[in-house]
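*Asks:* One file is attached below, final_4.csv, containing CSV, C-alpha atoms and all ligand atoms.
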chain,number,residue,atom,x,y,z
T,1,MET,CA,-19.4,-6.6,23.7
T,2,PHE,CA,-19.6,-8.0,20.1
T,3,GLU,CA,-16.0,-7.5,19.1
T,4,GLU,CA,-14.3,-10.8,18.2
T,5,LYS,CA,-17.5,-12.7,19.1
T,6,THR,CA,-19.0,-15.6,17.2
T,7,ILE,CA,-22.7,-14.8,16.7
T,8,LEU,CA,-25.5,-16.9,15.3
T,9,ILE,CA,-28.7,-15.3,14.0
T,10,THR,CA,-31.7,-17.6,13.5
T,11,GLY,CA,-33.7,-16.1,10.6
T,12,GLY,CA,-30.6,-14.2,9.5
T,13,THR,CA,-31.9,-13.7,6.0
T,14,GLY,CA,-35.1,-11.8,7.2
T,15,SER,CA,-35.6,-8.0,7.4
T,16,LEU,CA,-34.2,-7.9,11.0
T,17,GLY,CA,-31.5,-10.5,10.3
T,18,ASN,CA,-30.1,-8.5,7.4
T,19,ALA,CA,-30.0,-5.3,9.4
T,20,LEU,CA,-28.6,-7.0,12.5
T,21,THR,CA,-25.9,-8.6,10.4
T,22,ARG,CA,-24.8,-5.2,8.9
T,23,ARG,CA,-24.7,-3.6,12.4
T,24,LEU,CA,-22.8,-6.5,14.0
T,25,LEU,CA,-20.2,-6.6,11.3
T,26,LYS,CA,-19.6,-2.8,12.0
T,27,GLU,CA,-19.3,-3.7,15.7
T,28,GLY,CA,-16.4,-6.0,15.0
T,29,ALA,CA,-18.0,-9.5,15.2
T,30,LYS,CA,-15.5,-12.2,14.4
T,31,THR,CA,-18.0,-14.5,12.6
T,32,ILE,CA,-21.7,-14.3,12.0
T,33,ARG,CA,-23.6,-17.5,11.3
T,34,ILE,CA,-26.8,-17.1,9.3
T,35,PHE,CA,-29.2,-19.9,10.1
T,36,SER,CA,-32.3,-20.2,7.9
T,37,ARG,CA,-34.1,-22.5,5.5
T,38,ASN,CA,-34.2,-20.9,2.1
T,39,GLU,CA,-30.9,-21.3,0.3
T,40,SER,CA,-31.8,-18.8,-2.5
T,41,LYS,CA,-32.2,-16.0,0.1
T,42,GLN,CA,-28.8,-17.0,1.6
T,43,ILE,CA,-27.1,-16.9,-1.8
T,44,GLU,CA,-28.5,-13.4,-2.4
T,45,MET,CA,-27.4,-12.2,1.1
T,46,GLU,CA,-24.0,-13.7,0.6
T,47,SER,CA,-23.4,-11.8,-2.6
T,48,THR,CA,-24.9,-8.5,-1.2
T,49,PHE,CA,-22.6,-8.6,1.8
T,50,ASN,CA,-19.6,-10.2,0.2
T,51,ASP,CA,-17.9,-10.5,3.6
T,52,ASP,CA,-15.9,-13.5,4.6
T,53,ARG,CA,-16.9,-13.2,8.3
T,54,LEU,CA,-20.3,-14.5,7.3
T,55,ARG,CA,-21.1,-18.2,7.3
T,56,PHE,CA,-24.4,-19.6,5.9
T,57,PHE,CA,-26.1,-22.6,7.6
T,58,VAL,CA,-29.1,-24.0,5.8
T,59,GLY,CA,-31.3,-25.4,8.6
T,60,ASP,CA,-34.7,-25.4,10.3
T,61,ILE,CA,-35.0,-24.4,13.9
T,62,ARG,CA,-37.5,-27.3,14.2
T,63,ASP,CA,-34.5,-29.6,13.7
T,64,SER,CA,-32.7,-29.8,17.1
T,65,GLU,CA,-29.7,-31.8,15.9
T,66,ARG,CA,-28.9,-29.3,13.2
T,67,LEU,CA,-29.1,-26.4,15.7
T,68,PHE,CA,-26.8,-28.3,18.0
T,69,SER,CA,-24.0,-28.5,15.4
T,70,ALA,CA,-24.6,-24.9,14.2
T,71,LEU,CA,-24.3,-23.6,17.8
T,72,GLU,CA,-20.8,-25.1,18.5
T,73,ASP,CA,-18.5,-22.4,19.8
T,74,VAL,CA,-21.1,-19.6,19.5
T,75,ASP,CA,-21.0,-16.8,22.1
T,76,ILE,CA,-24.2,-14.9,21.3
T,77,VAL,CA,-27.5,-15.9,19.6
T,78,PHE,CA,-30.1,-13.6,18.3
T,79,HIS,CA,-33.3,-15.6,17.8
T,80,THR,CA,-35.3,-13.8,15.1
T,81,ALA,CA,-36.6,-16.8,13.1
T,82,ALA,CA,-40.4,-17.0,13.1
T,83,LEU,CA,-43.5,-17.4,11.1
T,84,LYS,CA,-45.1,-14.0,11.5
T,85,HIS,CA,-47.9,-13.3,9.0
T,86,VAL,CA,-51.1,-13.3,11.0
T,87,PRO,CA,-53.6,-14.4,8.3
T,88,LYS,CA,-51.2,-17.3,7.1
T,89,ILE,CA,-50.9,-18.4,10.7
T,90,GLU,CA,-54.6,-18.3,11.4
T,91,TYR,CA,-55.0,-20.7,8.5
T,92,ASN,CA,-52.1,-23.0,9.4
T,93,PRO,CA,-51.9,-22.6,13.2
T,94,PHE,CA,-49.9,-25.7,14.0
T,95,GLU,CA,-47.1,-24.8,11.6
T,96,SER,CA,-46.5,-21.7,13.8
T,97,ILE,CA,-46.5,-23.8,16.9
T,98,LYS,CA,-43.8,-26.0,15.4
T,99,THR,CA,-41.6,-23.0,14.4
T,100,ASN,CA,-42.3,-20.3,17.0
T,101,VAL,CA,-42.8,-22.5,20.0
T,102,ILE,CA,-41.0,-25.9,19.5
T,103,GLY,CA,-38.3,-24.2,17.4
T,104,SER,CA,-37.7,-21.7,20.2
T,105,GLN,CA,-37.4,-24.4,22.8
T,106,ASN,CA,-34.8,-26.1,20.5
T,107,VAL,CA,-32.8,-22.8,20.4
T,108,ILE,CA,-32.9,-22.7,24.2
T,109,ASP,CA,-32.0,-26.4,24.7
T,110,ASN,CA,-29.1,-26.4,22.3
T,111,SER,CA,-27.7,-23.0,23.4
T,112,LEU,CA,-27.5,-24.5,26.9
T,113,ARG,CA,-25.9,-27.7,25.6
T,114,GLN,CA,-23.3,-25.6,23.7
T,115,ASN,CA,-22.8,-23.2,26.7
T,116,VAL,CA,-23.6,-20.1,24.6
T,117,GLU,CA,-23.2,-16.9,26.7
T,118,LYS,CA,-26.3,-14.9,25.8
T,119,VAL,CA,-29.5,-15.7,23.9
T,120,ILE,CA,-32.0,-13.0,22.9
T,121,CYS,CA,-35.4,-13.6,21.3
T,122,ILE,CA,-37.4,-11.0,19.4
T,123,GLY,CA,-41.0,-10.6,20.7
T,124,THR,CA,-43.9,-8.5,19.6
T,125,ASP,CA,-46.8,-6.5,21.1
T,126,LYS,CA,-49.1,-9.0,19.5
T,127,ALA,CA,-48.0,-11.4,22.2
T,128,VAL,CA,-49.6,-9.3,24.9
T,129,SER,CA,-53.1,-10.6,25.8
T,130,PRO,CA,-53.0,-12.3,22.4
T,131,LEU,CA,-56.0,-12.4,20.1
T,132,ASN,CA,-54.4,-14.3,17.2
T,133,THR,CA,-52.4,-17.5,17.0
T,134,TYR,CA,-49.2,-15.7,16.0
T,135,GLY,CA,-49.4,-13.6,19.2
T,136,ALA,CA,-50.2,-16.7,21.3
T,137,THR,CA,-47.1,-18.5,19.9
T,138,LYS,CA,-44.9,-15.5,20.5
T,139,LEU,CA,-46.2,-15.3,24.1
T,140,LEU,CA,-45.2,-18.9,24.6
T,141,MET,CA,-41.8,-18.1,23.1
T,142,GLU,CA,-41.3,-15.3,25.6
T,143,LYS,CA,-42.4,-17.5,28.4
T,144,LEU,CA,-39.9,-20.2,27.4
T,145,PHE,CA,-37.1,-17.7,27.3
T,146,VAL,CA,-37.8,-16.0,30.6
T,147,SER,CA,-38.2,-19.3,32.4
T,148,ALA,CA,-35.2,-20.9,30.8
T,149,ASN,CA,-33.0,-19.3,33.5
T,150,ASN,CA,-35.2,-20.7,36.3
T,151,TYR,CA,-33.6,-24.1,36.4
T,152,LEU,CA,-30.0,-23.1,35.8
T,153,ASN,CA,-27.2,-23.7,38.1
T,154,ARG,CA,-25.6,-20.3,37.6
T,155,GLU,CA,-22.3,-21.5,38.7
T,156,LYS,CA,-22.2,-24.2,36.1
T,157,TYR,CA,-23.9,-22.6,33.1
T,158,ARG,CA,-23.0,-19.2,31.8
T,159,THR,CA,-26.0,-19.0,29.4
T,160,ARG,CA,-28.4,-16.1,30.0
T,161,PHE,CA,-31.7,-15.8,28.1
T,162,HIS,CA,-33.9,-12.7,27.7
T,163,ALA,CA,-36.6,-11.3,25.4
T,164,VAL,CA,-37.3,-8.0,23.8
T,165,ARG,CA,-40.8,-6.9,22.8
T,166,TYR,CA,-41.7,-4.1,20.4
T,167,GLY,CA,-44.2,-2.9,17.8
T,168,ASN,CA,-44.3,-2.7,14.0
T,169,VAL,CA,-40.9,-2.2,12.4
T,170,LEU,CA,-41.4,0.5,9.8
T,171,GLY,CA,-41.0,-1.0,6.4
T,172,SER,CA,-40.3,-4.6,7.4
T,173,SER,CA,-41.5,-7.3,5.1
T,174,GLY,CA,-45.3,-7.5,4.9
T,175,SER,CA,-45.9,-4.2,6.8
T,176,VAL,CA,-48.5,-1.6,6.0
T,177,ILE,CA,-46.4,1.3,4.7
T,178,PRO,CA,-44.6,-0.5,1.9
T,179,LYS,CA,-48.0,-1.9,0.9
T,180,PHE,CA,-49.6,1.6,0.8
T,181,ILE,CA,-46.6,2.9,-1.2
T,182,GLN,CA,-47.0,0.1,-3.7
T,183,GLN,CA,-50.8,0.8,-4.0
T,184,ILE,CA,-50.3,4.6,-4.4
T,185,LYS,CA,-47.6,4.2,-7.0
T,186,ALA,CA,-49.9,1.8,-9.0
T,187,ASN,CA,-52.7,4.4,-8.7
T,188,GLN,CA,-54.8,1.9,-6.9
T,189,LYS,CA,-57.1,2.5,-3.9
T,190,ILE,CA,-55.3,2.0,-0.6
T,191,SER,CA,-57.1,-0.4,1.7
T,192,ILE,CA,-57.5,0.8,5.3
T,193,THR,CA,-58.9,-1.7,7.8
T,194,ASP,CA,-60.3,0.8,10.3
T,195,GLN,CA,-60.0,4.6,10.5
T,196,ASN,CA,-59.3,4.5,14.2
T,197,MET,CA,-56.6,1.9,14.1
T,198,THR,CA,-53.3,2.7,16.0
T,199,ARG,CA,-50.0,0.9,16.1
T,200,PHE,CA,-46.8,1.2,17.9
T,201,SER,CA,-44.0,2.0,15.6
T,202,ILE,CA,-40.2,1.6,15.6
T,203,THR,CA,-37.6,2.3,12.9
T,204,MET,CA,-35.2,-0.5,12.1
T,205,ASN,CA,-32.3,1.6,13.4
T,206,ASP,CA,-34.0,2.2,16.7
T,207,ALA,CA,-34.9,-1.5,16.9
T,208,LEU,CA,-31.2,-2.4,16.4
T,209,ASP,CA,-30.0,0.2,19.0
T,210,PHE,CA,-32.5,-1.2,21.4
T,211,ILE,CA,-31.7,-4.9,20.9
T,212,LEU,CA,-28.0,-4.3,21.2
T,213,ASN,CA,-28.4,-2.2,24.3
T,214,THR,CA,-30.5,-4.9,26.0
T,215,ALA,CA,-27.7,-7.4,25.1
T,216,LYS,CA,-25.3,-5.3,27.2
T,217,LEU,CA,-27.8,-4.7,30.0
T,218,GLY,CA,-29.6,-8.0,30.3
T,219,LYS,CA,-28.7,-10.4,33.2
T,220,GLY,CA,-31.2,-13.0,32.2
T,221,SER,CA,-34.9,-13.6,32.4
T,222,GLU,CA,-36.1,-10.1,31.6
T,223,ILE,CA,-38.5,-8.8,28.9
T,224,PHE,CA,-37.3,-5.4,27.7
T,225,ILE,CA,-39.7,-3.0,26.0
T,226,PRO,CA,-38.7,0.3,24.4
T,227,LYS,CA,-40.5,3.6,25.0
T,228,LEU,CA,-42.3,4.1,21.7
T,229,LYS,CA,-44.7,6.5,20.0
T,230,ALA,CA,-47.6,5.2,18.0
T,231,TYR,CA,-49.2,6.2,14.8
T,232,ASN,CA,-52.8,6.5,13.6
T,233,ILE,CA,-53.4,4.8,10.3
T,234,LEU,CA,-55.1,7.9,8.8
T,235,ASP,CA,-52.0,10.0,9.6
T,236,VAL,CA,-49.9,7.4,7.7
T,237,LYS,CA,-52.3,7.9,4.7
T,238,SER,CA,-52.0,11.7,4.9
T,239,ALA,CA,-48.2,11.5,5.2
T,240,LEU,CA,-47.9,9.2,2.1
T,241,PHE,CA,-50.4,11.4,0.1
T,242,ASP,CA,-48.1,14.4,0.9
T,243,LEU,CA,-45.0,12.5,-0.1
T,244,LEU,CA,-46.4,10.8,-3.2
T,245,HIS,CA,-49.8,11.8,-4.5
T,246,GLU,CA,-53.5,11.2,-3.5
T,247,VAL,CA,-55.5,8.2,-4.5
T,248,GLU,CA,-58.8,6.9,-3.3
T,249,HIS,CA,-59.1,4.7,-0.2
T,250,GLU,CA,-61.5,2.0,0.9
T,251,ILE,CA,-62.3,0.7,4.3
T,252,ILE,CA,-62.0,-3.0,4.3
T,253,GLY,CA,-62.8,-3.8,7.9
T,254,ILE,CA,-60.7,-5.2,10.6
T,255,ARG,CA,-59.4,-8.8,9.7
T,256,PRO,CA,-59.9,-11.9,11.9
T,257,GLY,CA,-57.3,-11.9,14.6
T,258,GLU,CA,-56.5,-8.2,14.3
T,259,LYS,CA,-56.9,-5.7,17.2
T,260,LEU,CA,-57.9,-2.0,16.8
T,261,HIS,CA,-55.0,-1.0,19.2
T,262,GLU,CA,-51.9,-3.0,20.3
T,263,VAL,CA,-50.7,-3.2,23.9
T,264,LEU,CA,-47.0,-3.4,24.8
T,265,ILE,CA,-47.5,-3.9,28.6
T,266,ASN,CA,-50.9,-5.0,29.9
T,267,GLU,CA,-52.3,-3.9,33.3
T,268,ASP,CA,-51.4,-7.1,35.0
T,269,GLU,CA,-47.8,-7.0,33.9
T,270,MET,CA,-47.4,-3.4,35.4
T,271,LYS,CA,-46.9,-5.0,38.8
T,272,TYR,CA,-43.6,-6.4,37.6
T,273,THR,CA,-42.6,-3.5,35.3
T,274,TRP,CA,-39.6,-1.2,35.9
T,275,LYS,CA,-38.2,1.8,34.1
T,276,ILE,CA,-34.5,1.9,33.1
T,277,GLU,CA,-33.1,4.6,30.9
T,278,ASN,CA,-35.4,4.9,27.9
T,279,MET,CA,-37.0,1.5,28.2
T,280,TYR,CA,-39.1,-0.7,30.4
T,281,MET,CA,-38.3,-4.1,31.9
T,282,ILE,CA,-40.7,-6.8,33.0
T,283,THR,CA,-39.2,-9.0,35.6
T,284,ASN,CA,-39.8,-12.7,36.2
T,285,PRO,CA,-41.3,-13.1,39.7
T,286,HIS,CA,-39.8,-16.6,40.0
T,287,TYR,CA,-36.2,-15.5,39.6
T,288,ASP,CA,-34.2,-14.3,42.6
T,289,LEU,CA,-32.2,-11.8,40.6
T,290,PHE,CA,-35.3,-9.7,40.8
T,291,ASN,CA,-35.9,-9.3,44.5
T,292,ASP,CA,-35.8,-5.6,45.5
T,293,LYS,CA,-32.3,-5.7,46.9
T,294,ASN,CA,-30.7,-7.3,43.9
T,295,LEU,CA,-32.6,-5.2,41.4
T,296,GLU,CA,-30.9,-1.9,42.4
T,297,THR,CA,-27.5,-3.5,42.4
T,298,ASN,CA,-27.9,-5.2,39.1
T,299,TYR,CA,-29.6,-2.4,37.1
T,300,PRO,CA,-28.3,1.2,37.3
T,301,ASN,CA,-30.9,4.0,37.6
T,302,ILE,CA,-33.9,1.7,37.9
T,303,SER,CA,-37.3,2.9,39.1
T,304,LYS,CA,-40.7,1.4,39.4
T,305,PHE,CA,-43.0,2.1,36.4
T,306,ASP,CA,-46.2,3.1,38.2
T,307,ASN,CA,-48.6,3.2,35.3
T,308,GLN,CA,-52.2,2.4,36.3
T,309,THR,CA,-53.3,1.6,32.8
T,310,ALA,CA,-52.0,-0.6,30.0
T,311,TYR,CA,-49.2,0.8,27.9
T,312,SER,CA,-51.3,0.8,24.7
T,313,SER,CA,-51.0,2.3,21.3
T,314,ASP,CA,-54.2,4.4,21.8
T,315,ASN,CA,-53.0,6.1,25.0
T,316,VAL,CA,-49.4,7.1,24.1
T,317,GLU,CA,-48.1,10.1,22.2
T,318,LYS,CA,-48.7,9.8,18.4
T,319,LEU,CA,-46.2,10.5,15.7
T,320,SER,CA,-47.3,13.7,13.9
T,321,ILE,CA,-47.8,13.7,10.1
T,322,GLU,CA,-44.6,15.6,9.7
T,323,GLU,CA,-42.7,13.1,11.9
T,324,LEU,CA,-44.1,10.2,9.9
T,325,LYS,CA,-43.0,11.9,6.6
T,326,LYS,CA,-39.5,12.2,8.1
T,327,VAL,CA,-39.3,8.6,9.2
T,328,ILE,CA,-40.6,7.3,5.9
T,329,ASN,CA,-38.1,9.5,4.0
T,330,ASP,CA,-35.2,8.4,6.2
T,331,SER,CA,-36.1,4.7,5.9
T,332,ASN,CA,-35.6,4.9,2.1
T,333,LEU,CA,-39.0,3.3,1.5
T,334,LEU,CA,-40.1,5.6,-1.3
G,401,LIG,N1,-41.4,-7.1,11.5
G,401,LIG,C1,-42.0,-6.5,12.5
G,401,LIG,O1,-42.7,-5.5,12.4
G,401,LIG,C2,-41.8,-7.2,13.9
G,401,LIG,C3,-42.3,-6.6,15.0
G,401,LIG,C4,-42.0,-7.2,16.3
G,401,LIG,C5,-41.4,-8.4,16.3
G,401,LIG,N2,-41.0,-9.0,15.2
G,401,LIG,C6,-40.3,-10.3,15.3
G,401,LIG,O2,-39.0,-10.1,14.8
G,401,LIG,C7,-38.5,-11.3,14.2
G,401,LIG,C8,-37.9,-11.0,12.8
G,401,LIG,O3,-38.9,-10.4,12.0
G,401,LIG,P1,-38.7,-10.1,10.4
G,401,LIG,O4,-39.6,-9.0,10.1
G,401,LIG,O5,-37.2,-9.9,10.2
G,401,LIG,O6,-39.2,-11.4,9.8
G,401,LIG,P2,-38.9,-12.0,8.3
G,401,LIG,O7,-38.4,-10.9,7.4
G,401,LIG,O8,-40.1,-12.7,7.9
G,401,LIG,O9,-37.7,-13.1,8.5
G,401,LIG,C9,-37.9,-14.3,9.2
G,401,LIG,C10,-36.7,-15.1,9.1
G,401,LIG,O10,-36.9,-16.4,9.7
G,401,LIG,C11,-36.5,-17.4,8.9
G,401,LIG,N3,-37.3,-18.6,9.3
G,401,LIG,C12,-38.6,-18.8,9.3
G,401,LIG,N4,-38.9,-20.0,9.7
G,401,LIG,C13,-37.7,-20.7,10.0
G,401,LIG,C14,-37.4,-21.9,10.5
G,401,LIG,N5,-38.3,-22.8,10.8
G,401,LIG,N6,-36.1,-22.2,10.7
G,401,LIG,C15,-35.1,-21.3,10.4
G,401,LIG,N7,-35.4,-20.1,9.9
G,401,LIG,C16,-36.7,-19.8,9.7
G,401,LIG,C17,-36.8,-16.9,7.5
G,401,LIG,O11,-36.0,-17.5,6.5
G,401,LIG,P3,-36.4,-18.9,5.7
G,401,LIG,O12,-37.8,-18.7,5.3
G,401,LIG,O13,-35.4,-19.0,4.6
G,401,LIG,O14,-36.2,-20.0,6.7
G,401,LIG,C18,-36.3,-15.5,7.6
G,401,LIG,O15,-34.9,-15.4,7.5
G,401,LIG,C19,-39.6,-12.3,14.2
G,401,LIG,O16,-39.4,-13.1,15.3
G,401,LIG,C20,-40.9,-11.4,14.4
G,401,LIG,O17,-41.8,-12.1,15.1
G,401,LIG,C21,-41.1,-8.4,13.9
Please express what this file holds, its structure, as structure tokens.
*Replies:*
Amino acid sequence: MFEEKTILITGGTGSLGNALTRRLLKEGAKTIRIFSRNESKQIEMESTFNDDRLRFFVGDIRDSERLFSALEDVDIVFHTAALKHVPKIEYNPFESIKTNVIGSQNVIDNSLRQNVEKVICIGTDKAVSPLNTYGATKLLMEKLFVSANNYLNREKYRTRFHAVRYGNVLGSSGSVIPKFIQQIKANQKISITDQNMTRFSITMNDALDFILNTAKLGKGSEIFIPKLKAYNILDVKSALFDLLHEVEHEIIGIRPGEKLHEVLINEDEMKYTWKIENMYMITNPHYDLFNDKNLETNYPNISKFDNQTAYSSDNVEKLSIEELKKVINDSNLL
């Protein structure tokens, strides 16, 4: 699907953007356009990759005209650009509205104007019944993406939009495991917010497999969610103590806007949730692709996901300490 394609990644210099770029180059992409603001990060990425299939576009997704020119002749867009740090966003909420909401609408509008084939945005469990501004802006981004197909004349426009939604990417910028590793190596106390905290977890490789798989499967307007295990924060502590050495820990208390557990599909969404292969799909009730007859024709091996309760990090299988040690080792975080 990606061979000989021109692909644009908004936020291409980020953790996911770098990993996606590496994978898509292997998949035979013709050109990958990296679209982001910070020129220094682009220069670093350019020299790390040293691949003439990469093009670097300095630009801000808040700037619609810039996106319009960058999207010319593009086949596929991965929309990963976002402001994502919860405390920063709580302090500067409107900045995240400008980037995560208005910027996302700019990506949609200009992908349509340039007749891009497929546009995929990267969502988060924090968008489900959101407690913080980050989650609320990512919920709106999802809503914009799944409704972007509503008004399309499908004969006239080939563009299809869909969203993916998953939990914490192990080791991504600003995440807890690299922070703990840094504290342990510096022989500092590690700071645990709450001993009962659980989080969904996905490795970068699994996130890439999942995103690319949805790119092949998506017909437009879906939210795809992978089947994930979760971890308990105390098990992360034990795994890291086994892998490195023990230090003291302190309980700092849950921060404003943080939840004790995250939810990937809430109870109300279950009504529209289906199971396909190793993932879930939430359908858009306003889109005729999803009436019962069309569903079975469009998606192979689909079945209804009949969960009565929310798909939440406190009620799914947990990664054991041994599994955590393996994923941390395999992710080269140490
Ligand atoms: N990391 C996770 O655990 C996780 C989990 C679920 C979902 N997600 C979602 O996955 C996506 C990628 O996350 P990540 O961890 O790769 O984030 P990241 O490392 O912080 O990267 C974000 C990227 O977006 C760019 N960016 C930010 N504002 C921009 C703007 N206004 N215009 C253009 N580019 C902009 C940044 O570059 P510049 O600053 O140079 O512009 C950077 O390249 C995000 O949408 C995030 O919400 C992440």
*Asks:* Taking only residues of chain T that have an atom at most 6 Å from an atom of ligand LIG 401 (chain G), what is each one's shortest atom pair and its distance in Å to one decimal, using all atoms listed in the file, in chain and number order, as JSON lines?
*Replies:*
{"residue": "T:Thr10", "atom": "CA", "partner": "G:LIG401", "partner_atom": "N7", "distance": 5.7}
{"residue": "T:Gly11", "atom": "CA", "partner": "G:LIG401", "partner_atom": "O10", "distance": 3.3}
{"residue": "T:Gly12", "atom": "CA", "partner": "G:LIG401", "partner_atom": "O15", "distance": 4.9}
{"residue": "T:Thr13", "atom": "CA", "partner": "G:LIG401", "partner_atom": "O15", "distance": 3.8}
{"residue": "T:Gly14", "atom": "CA", "partner": "G:LIG401", "partner_atom": "O9", "distance": 3.2}
{"residue": "T:Ser15", "atom": "CA", "partner": "G:LIG401", "partner_atom": "O5", "distance": 3.7}
{"residue": "T:Leu16", "atom": "CA", "partner": "G:LIG401", "partner_atom": "O5", "distance": 3.7}
{"residue": "T:Gly17", "atom": "CA", "partner": "G:LIG401", "partner_atom": "O5", "distance": 5.7}
{"residue": "T:Ser36", "atom": "CA", "partner": "G:LIG401", "partner_atom": "N7", "distance": 3.7}
{"residue": "T:Arg37", "atom": "CA", "partner": "G:LIG401", "partner_atom": "O14", "distance": 3.5}
{"residue": "T:Asn38", "atom": "CA", "partner": "G:LIG401", "partner_atom": "O13", "distance": 3.4}
{"residue": "T:Gly59", "atom": "CA", "partner": "G:LIG401", "partner_atom": "C15", "distance": 5.9}
{"residue": "T:Asp60", "atom": "CA", "partner": "G:LIG401", "partner_atom": "N6", "distance": 3.5}
{"residue": "T:Ile61", "atom": "CA", "partner": "G:LIG401", "partner_atom": "N6", "distance": 4.0}
{"residue": "T:Arg62", "atom": "CA", "partner": "G:LIG401", "partner_atom": "N5", "distance": 5.7}
{"residue": "T:Thr80", "atom": "CA", "partner": "G:LIG401", "partner_atom": "C7", "distance": 4.2}
{"residue": "T:Ala81", "atom": "CA", "partner": "G:LIG401", "partner_atom": "O10", "distance": 3.4}
{"residue": "T:Ala82", "atom": "CA", "partner": "G:LIG401", "partner_atom": "C12", "distance": 4.6}
{"residue": "T:Leu83", "atom": "CA", "partner": "G:LIG401", "partner_atom": "C12", "distance": 5.4}
{"residue": "T:Lys84", "atom": "CA", "partner": "G:LIG401", "partner_atom": "O17", "distance": 5.2}
{"residue": "T:Thr99", "atom": "CA", "partner": "G:LIG401", "partner_atom": "N5", "distance": 4.9}
{"residue": "T:Ile122", "atom": "CA", "partner": "G:LIG401", "partner_atom": "O2", "distance": 5.0}
{"residue": "T:Gly123", "atom": "CA", "partner": "G:LIG401", "partner_atom": "C5", "distance": 4.9}
{"residue": "T:Thr124", "atom": "CA", "partner": "G:LIG401", "partner_atom": "C4", "distance": 4.0}
{"residue": "T:Tyr166", "atom": "CA", "partner": "G:LIG401", "partner_atom": "C4", "distance": 5.1}
{"residue": "T:Gly167", "atom": "CA", "partner": "G:LIG401", "partner_atom": "C3", "distance": 5.0}
{"residue": "T:Asn168", "atom": "CA", "partner": "G:LIG401", "partner_atom": "O1", "distance": 3.6}
{"residue": "T:Val169", "atom": "CA", "partner": "G:LIG401", "partner_atom": "O1", "distance": 3.8}
{"residue": "T:Ser172", "atom": "CA", "partner": "G:LIG401", "partner_atom": "N1", "distance": 4.9}
{"residue": "T:Ser173", "atom": "CA", "partner": "G:LIG401", "partner_atom": "O7", "distance": 5.3}
*Asks:* Can you pull out the residues contacting Lys126 of chain T? Cut-off 9 Å, using all atoms listed in the file, and skip same-chain residues under 6 positions away; I want them as a count of residues only.
*Replies:* 12
*Asks:* Please determine, counting all atoms listed in the file, which residue among T:Ile223, T:Leu260, T:Leu319, T:Ala186 has the shortest atom-to-atom distance to Phe145 of chain T.
*Replies:*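 Closest residue, counting all atoms listed in the file: T:Ile223.
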*Asks:* What is the distance between atom CA of Met197 of chain T and atom CA of Val101 of chain T, in Å to one decimal?
*Replies:*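 A separation of 28.6 Å between them.
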*Asks:* With all atoms listed in the file as the counted atoms, please give the residues lying no more than 6 Å from Ser313 of chain T, apart from itself and same-chain residues fewer than 5 positions off, as a list in words.
*Replies:*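 Residues meeting the cut-off are Thr198, Arg199, Phe200, Ala230, His261 and Glu262 of chain T.
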*Asks:* Report, in Å with one decimal, the straight-line distance from atom CA of Lys325 of chain T to atom CA of Lys237 of chain T.
*Replies:*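 Spanning atom CA of Lys325 of chain T to atom CA of Lys237 of chain T is a straight-line distance of 10.3 Å.
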*Asks:* Just checking: using all atoms listed in the file, which residue out of T:Arg160, T:Lys219, T:Lys326, T:His85 ends up closest to Lys118 of chain T?
*Replies:*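 Of the candidates, the smallest distance to Lys118 of chain T is held by T:Arg160.
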*Asks:* Considering only C-alpha atoms, can you say which of T:Ile265, T:Met281, T:Ala148, T:Met270 comes closest to Ser129 of chain T?
*Replies:*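 Result for the nearest residue to Ser129 of chain T: T:Ile265.
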*Asks:* Of the candidates T:Asp52, T:Asp306, T:Asp194, T:Asp75, which shows the shortest atom-to-atom distance to Glu3 of chain T, using all atoms listed in the file?
*Replies:*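 Closest to Glu3 of chain T, using all atoms listed in the file: T:Asp75.
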*Asks:* Taking (-16.5, -5.7, 14.7) in the coordinates of the supplied file, I want to know which residues reach to within 9 Å of it, counting only C-alpha atoms; could you give the answer as an MDAnalysis selection string?
*Replies:* chainID T and resid 2:5 23:30
*Asks:* If you measure from atom CA of Asn278 of chain T to atom CA of Pro226 of chain T, what distance in Å do you get, rounded to one decimal?
*Replies:*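 Calculated distance between atom CA of Asn278 of chain T and atom CA of Pro226 of chain T is 6.7 Å.
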*Asks:* What's around Glu246 of chain T at 9 Å? Count only C-alpha atoms, leave out sequence neighbours fewer than 6 positions away in its own chain, and write the answer as an MDAnalysis selection string.
*Replies:* chainID T and resid 184 187 237:238 240
*Asks:* Which residue is closest to Leu144 of chain T? Choose from T:Asp73, T:Asp109, T:Glu39, T:Glu267 and count all atoms listed in the file.
*Replies:*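 Looking at the shortest contact to Leu144 of chain T, the residue is T:Asp109.
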*Asks:* Give me the residues of segment 199-228 of chain T that have any atom at most 8 Å from an atom of segment 284-301 of chain T; for each, the nearest atom pair and the distance in Å, rounded to one decimal. Use only C-alpha atoms, sort by chain and number, and format it as CSV.
*Replies:*
residue,atom,partner,partner_atom,distance
T:Leu217,CA,T:Tyr299,CA,7.7
T:Lys219,CA,T:Asn298,CA,7.9
T:Ser221,CA,T:Asn284,CA,6.3
T:Glu222,CA,T:Asn284,CA,6.5
*Asks:* For the selection you just gave me, I'd like the residues written to a file as a CSV table (one decimal), keeping the file's coordinate frame, keeping C-alpha atoms.
*Replies:*
chain,number,residue,atom,x,y,z
T,217,LEU,CA,-27.8,-4.7,30.0
T,219,LYS,CA,-28.7,-10.4,33.2
T,221,SER,CA,-34.9,-13.6,32.4
T,222,GLU,CA,-36.1,-10.1,31.6
*Asks:* List the neighbours of Ser69 of chain T out to 12 Å using all atoms listed in the file; skip same-chain residues closer than 3 positions along the sequence, and give me the result as number ranges by chain.
*Replies:* T: 8, 33, 35, 57-59, 61, 63-66, 72-74, 107, 110-111, 113-114
